[in-house]
>>> print(open('work_8.txt').read())   # compact mmCIF, C-alpha atoms
# COMPACT_ATOMS: atom_id res chain seq x y z
CA MET F 1 -51.45 63.83 -14.67
CA ALA F 2 -52.39 67.08 -13.00
CA THR F 3 -55.73 68.64 -12.12
CA VAL F 4 -55.94 72.39 -12.70
CA PHE F 5 -58.59 74.60 -11.09
CA ALA F 6 -58.84 77.78 -13.15
CA ALA F 7 -61.28 80.12 -14.86
CA ALA F 8 -59.97 78.83 -18.20
CA ASP F 9 -62.11 76.31 -20.08
CA PRO F 10 -59.84 74.61 -22.62
CA ALA F 11 -61.17 72.07 -25.10
CA MET F 12 -60.19 68.42 -25.02
CA PHE F 13 -56.70 67.80 -26.43
CA ASP F 14 -55.76 71.49 -26.29
CA ARG F 15 -52.14 72.07 -25.41
CA VAL F 16 -51.75 74.28 -22.30
CA LEU F 17 -48.74 76.04 -20.83
CA PHE F 18 -48.68 77.57 -17.36
CA ARG F 19 -46.20 78.72 -14.75
CA LEU F 20 -46.26 77.75 -11.08
CA GLU F 21 -44.35 80.01 -8.72
CA GLU F 22 -41.40 78.12 -7.21
CA VAL F 23 -41.82 75.25 -9.72
CA GLY F 24 -41.52 76.80 -13.17
CA SER F 25 -43.26 76.34 -16.51
CA LEU F 26 -45.31 73.23 -17.18
CA SER F 27 -47.04 72.10 -20.35
CA GLY F 28 -49.45 69.34 -21.21
CA ILE F 29 -52.47 68.14 -23.15
CA VAL F 30 -56.03 68.45 -21.79
CA VAL F 31 -57.47 64.95 -21.22
CA ALA F 32 -60.58 65.79 -19.16
CA ASN F 33 -62.66 68.92 -18.55
CA ASP F 34 -65.64 69.43 -16.21
CA ARG F 35 -65.91 73.27 -16.37
CA ALA F 36 -64.70 73.78 -12.78
CA SER F 37 -61.35 72.13 -13.50
CA PHE F 38 -59.48 70.26 -16.15
CA GLU F 39 -56.92 67.49 -16.17
CA ILE F 40 -53.77 67.53 -18.20
CA ARG F 41 -51.23 64.90 -19.11
CA LEU F 42 -47.95 66.63 -18.35
CA GLU F 43 -45.27 66.67 -21.01
CA GLY F 44 -41.53 66.53 -20.46
CA SER F 45 -38.73 64.07 -20.06
CA GLY F 46 -38.70 61.58 -17.21
CA GLU F 47 -35.96 63.63 -15.54
CA ARG F 48 -38.01 66.85 -15.78
CA ARG F 49 -41.06 65.11 -14.32
CA ARG F 50 -38.94 63.73 -11.47
CA ARG F 51 -37.56 67.20 -10.65
CA VAL F 52 -41.05 68.77 -10.71
CA GLN F 53 -42.42 66.02 -8.46
CA THR F 54 -39.50 66.40 -6.05
CA LYS F 55 -40.10 70.16 -5.85
CA LEU F 56 -43.86 69.71 -5.34
CA ASP F 57 -43.24 67.14 -2.58
CA TRP F 58 -40.80 69.51 -0.86
CA LEU F 59 -43.24 72.45 -1.09
CA GLU F 60 -46.07 70.34 0.33
CA ALA F 61 -43.90 69.12 3.22
CA HIS F 62 -42.85 72.69 4.07
CA ALA F 63 -46.16 74.46 3.49
CA GLY F 64 -46.58 75.29 7.19
CA GLY F 65 -44.84 78.64 6.93
CA ARG F 66 -42.57 80.88 5.00
CA GLU F 67 -39.59 80.36 7.31
CA GLU F 68 -39.53 76.61 6.85
CA ARG F 69 -39.55 76.93 3.06
CA ARG F 70 -36.25 78.79 2.93
CA SER F 71 -33.59 76.60 1.39
CA GLU F 72 -30.57 78.74 2.31
CA ILE F 73 -29.19 80.10 5.53
CA ARG F 74 -30.02 83.73 6.19
CA ILE F 75 -27.79 86.07 8.16
CA VAL F 76 -27.88 89.63 9.44
CA PRO F 77 -24.87 91.40 7.90
CA ARG F 78 -22.65 93.78 9.88
CA ARG F 79 -23.52 96.63 7.49
CA ARG F 80 -27.31 96.85 7.72
CA THR F 81 -28.02 99.80 5.41
CA VAL F 82 -28.08 99.72 1.64
CA GLN F 83 -29.13 101.97 -1.23
CA PHE F 84 -32.34 100.89 -2.98
CA ARG F 85 -33.34 102.14 -6.42
CA ARG F 86 -36.34 101.62 -8.65
CA PRO F 87 -35.90 102.26 -12.40
CA GLY F 88 -36.12 105.96 -13.18
CA GLU F 89 -36.21 107.05 -9.52
CA GLU F 90 -33.69 108.44 -7.07
CA PRO F 91 -32.09 105.92 -4.69
CA PHE F 92 -32.89 105.91 -0.99
CA THR F 93 -31.40 104.18 2.04
CA THR F 94 -33.14 101.11 3.44
CA ARG F 95 -32.34 98.61 6.20
CA ILE F 96 -31.42 94.97 5.58
CA LEU F 97 -33.38 92.63 7.86
CA ASP F 98 -31.54 89.53 6.66
CA VAL F 99 -29.72 88.26 3.59
CA SER F 100 -28.94 84.92 1.94
CA PRO F 101 -26.72 84.18 -1.05
CA SER F 102 -29.80 84.41 -3.29
CA GLY F 103 -31.84 87.26 -1.78
CA ALA F 104 -32.63 89.67 1.02
CA SER F 105 -35.43 90.93 3.22
CA LEU F 106 -35.56 94.73 3.43
CA SER F 107 -37.36 97.12 5.77
CA MET F 108 -38.87 99.97 3.77
CA PRO F 109 -42.01 102.12 3.62
CA ILE F 110 -42.80 101.51 -0.06
CA ARG F 111 -43.89 98.26 -1.71
CA PRO F 112 -42.60 97.94 -5.29
CA GLY F 113 -44.65 95.52 -7.36
CA ILE F 114 -43.97 91.79 -7.20
CA GLY F 115 -41.80 90.94 -10.19
CA GLU F 116 -40.36 94.46 -10.43
CA THR F 117 -36.61 94.66 -11.11
CA VAL F 118 -34.77 96.90 -8.65
CA LEU F 119 -31.19 97.73 -7.70
CA VAL F 120 -30.17 96.83 -4.13
CA GLY F 121 -26.70 98.24 -3.52
CA ARG F 122 -24.86 97.08 -6.65
CA ARG F 123 -27.05 94.00 -7.20
CA TYR F 124 -30.01 93.74 -9.52
CA ALA F 125 -32.88 91.91 -7.89
CA GLU F 126 -36.53 91.01 -8.38
CA VAL F 127 -39.18 91.78 -5.77
CA VAL F 128 -40.68 88.41 -4.79
CA ARG F 129 -42.76 89.12 -1.69
CA HIS F 130 -44.25 91.89 0.45
CA SER F 131 -44.19 91.75 4.24
CA ASP F 132 -45.41 93.95 7.08
CA GLU F 133 -41.92 95.48 7.28
CA GLY F 134 -41.09 95.83 3.60
CA VAL F 135 -40.13 93.50 0.76
CA ALA F 136 -38.12 90.40 -0.06
CA VAL F 137 -35.96 90.36 -3.17
CA ARG F 138 -34.22 87.61 -5.14
CA PHE F 139 -30.86 88.57 -6.62
CA LYS F 140 -30.46 88.17 -10.37
CA LEU F 141 -26.92 86.91 -9.71
CA PRO F 142 -26.55 85.11 -6.34
CA PHE F 143 -23.44 85.41 -4.20
CA ALA F 144 -20.84 82.65 -4.42
CA GLN F 145 -20.63 80.79 -1.10
CA ALA F 146 -16.96 81.80 -0.77
CA SER F 147 -17.83 85.52 -0.82
CA PHE F 148 -20.86 85.31 1.47
CA GLY F 149 -20.68 86.05 5.21
CA GLU F 150 -21.40 88.71 7.84
CA ASP F 151 -19.14 91.19 6.04
CA VAL F 152 -21.05 90.87 2.75
CA GLU F 153 -21.89 94.14 1.02
CA LEU F 154 -24.69 94.30 -1.48
>>> encode(input="work_8.txt", output="structure tokens")
Amino acid sequence: MATVFAAADPAMFDRVLFRLEEVGSLSGIVVANDRASFEIRLEGSGERRRRVQTKLDWLEAHAGGREERRSEIRIVPRRRTVQFRRPGEEPFTTRILDVSPSGASLSMPIRPGIGETVLVGRRYAEVVRHSDEGVAVRFKLPFAQASFGEDVEL
């Protein structure tokens, strides 16, 4: 069971589908509705439910700050500059703040939209967060552990 607080007002027994950032897509059947929220009976295999619950537990335990939620080690590479390109625009040079096998934090004056696909060096990535210094991106294809280190080039 899950309680959802949303502007939506589904009818009893409606099937709902929604996406939670960092968890994924969830679906279920509405079993209670009080206008301010509604409850759903989640669908999915026992294994899927176990994985979702494990992820939710981990997120709750690490909700104190962004740094603690990172699941991979982040390094500062030797080569700190990289070309950044938005679709249909000219590339420009930006500075790498840190990088992990699955993403990077970049210092830059512009803030592409969250969810926007960009090219960082030779890697396609998705903008996942804005910060005071720039943006964080998640690579579409993460680095293999064997090819990741201080000499990594994006």
>>> residues_near_point(input="work_8.txt", point="(-24.0, 91.0, 0.1)", cutoff="9 Å", atoms="all atoms listed in the file", output="ChimeraX atom specification")
/F:77,99-101,103-104,121,123,143,147-154
>>> closest_residue(input="work_8.txt", among="F:Lys55, F:Arg85, F:Arg122, F:Arg48", to="Glu21 in chain F", atoms="all atoms listed in the file")
F:Lys55
>>> residues_around(input="work_8.txt", residues="Asp9 in chain F", least_positions_apart="4", cutoff="9 Å", atoms="all atoms listed in the file", output="PyMOL selection string")
chain F and resi 33-38
>>> closest_residue(input="work_8.txt", among="F:Ile73, F:Ala146, F:Leu26, F:Ile110", to="Arg41 in chain F", atoms="all atoms listed in the file")
F:Leu26
>>> closest_residue(input="work_8.txt", among="F:Val4, F:Leu42, F:Leu97, F:Ala125", to="Arg78 in chain F", atoms="all atoms listed in the file")
F:Leu97
>>> residues_around(input="work_8.txt", residues="Asp14 in chain F", least_positions_apart="3", cutoff="7 Å", atoms="all atoms listed in the file", output="list in words")
Pro10, Ala11, Ile29 and Val30 of chain F
>>> closest_residue(input="work_8.txt", among="F:Leu20, F:Leu106, F:Leu56, F:Val118", to="Arg86 in chain F", atoms="only C-alpha atoms")
F:Val118
>>> residues_near_point(input="work_8.txt", point="(-30.3, 100.0, 5.4)", cutoff="10 Å", atoms="all atoms listed in the file", output="PDB file with C-alpha atoms, keeping the file's coordinate frame")
ATOM      1  CA  ARG F  79     -23.520  96.630   7.490  1.00  0.00           C
ATOM      2  CA  ARG F  80     -27.310  96.850   7.720  1.00  0.00           C
ATOM      3  CA  THR F  81     -28.020  99.800   5.410  1.00  0.00           C
ATOM      4  CA  VAL F  82     -28.080  99.720   1.640  1.00  0.00           C
ATOM      5  CA  GLN F  83     -29.130 101.970  -1.230  1.00  0.00           C
ATOM      6  CA  PHE F  84     -32.340 100.890  -2.980  1.00  0.00           C
ATOM      7  CA  PHE F  92     -32.890 105.910  -0.990  1.00  0.00           C
ATOM      8  CA  THR F  93     -31.400 104.180   2.040  1.00  0.00           C
ATOM      9  CA  THR F  94     -33.140 101.110   3.440  1.00  0.00           C
ATOM     10  CA  ARG F  95     -32.340  98.610   6.200  1.00  0.00           C
ATOM     11  CA  ILE F  96     -31.420  94.970   5.580  1.00  0.00           C
ATOM     12  CA  LEU F  97     -33.380  92.630   7.860  1.00  0.00           C
ATOM     13  CA  LEU F 106     -35.560  94.730   3.430  1.00  0.00           C
ATOM     14  CA  SER F 107     -37.360  97.120   5.770  1.00  0.00           C
ATOM     15  CA  MET F 108     -38.870  99.970   3.770  1.00  0.00           C
ATOM     16  CA  GLY F 121     -26.700  98.240  -3.520  1.00  0.00           C
TER      17      GLY F 121
END
>>> atom_distance(input="work_8.txt", atom1="CA of Thr117 in chain F", atom2="CA of Ile75 in chain F")
22.9 Å
>>> atom_distance(input="work_8.txt", atom1="CA of Ala8 in chain F", atom2="CA of Glu126 in chain F")
28.2 Å
>>> residues_around(input="work_8.txt", residues="Ser131 in chain F", least_positions_apart="2", cutoff="10 Å", atoms="only C-alpha atoms", output="ChimeraX atom specification")
/F:105-108,111,129,133-136
>>> closest_residue(input="work_8.txt", among="F:Arg50, F:Gly28, F:His130, F:Arg74", to="Asp98 in chain F", atoms="all atoms listed in the file")
F:Arg74
>>> atom_distance(input="work_8.txt", atom1="CA of Gly46 in chain F", atom2="CA of Glu22 in chain F")
19.5 Å
>>> closest_residue(input="work_8.txt", among="F:Arg51, F:Leu17, F:Val137, F:Tyr124", to="Pro112 in chain F", atoms="only C-alpha atoms")
F:Val137
>>> axis_aligned_box(input="work_8.txt", around="range 15-26 of chain F", padding_each_side="5 Å", output="JSON")
{"center_x": -46.8, "center_y": 76.0, "center_z": -16.3, "size_x": 20.7, "size_y": 17.9, "size_z": 28.2}
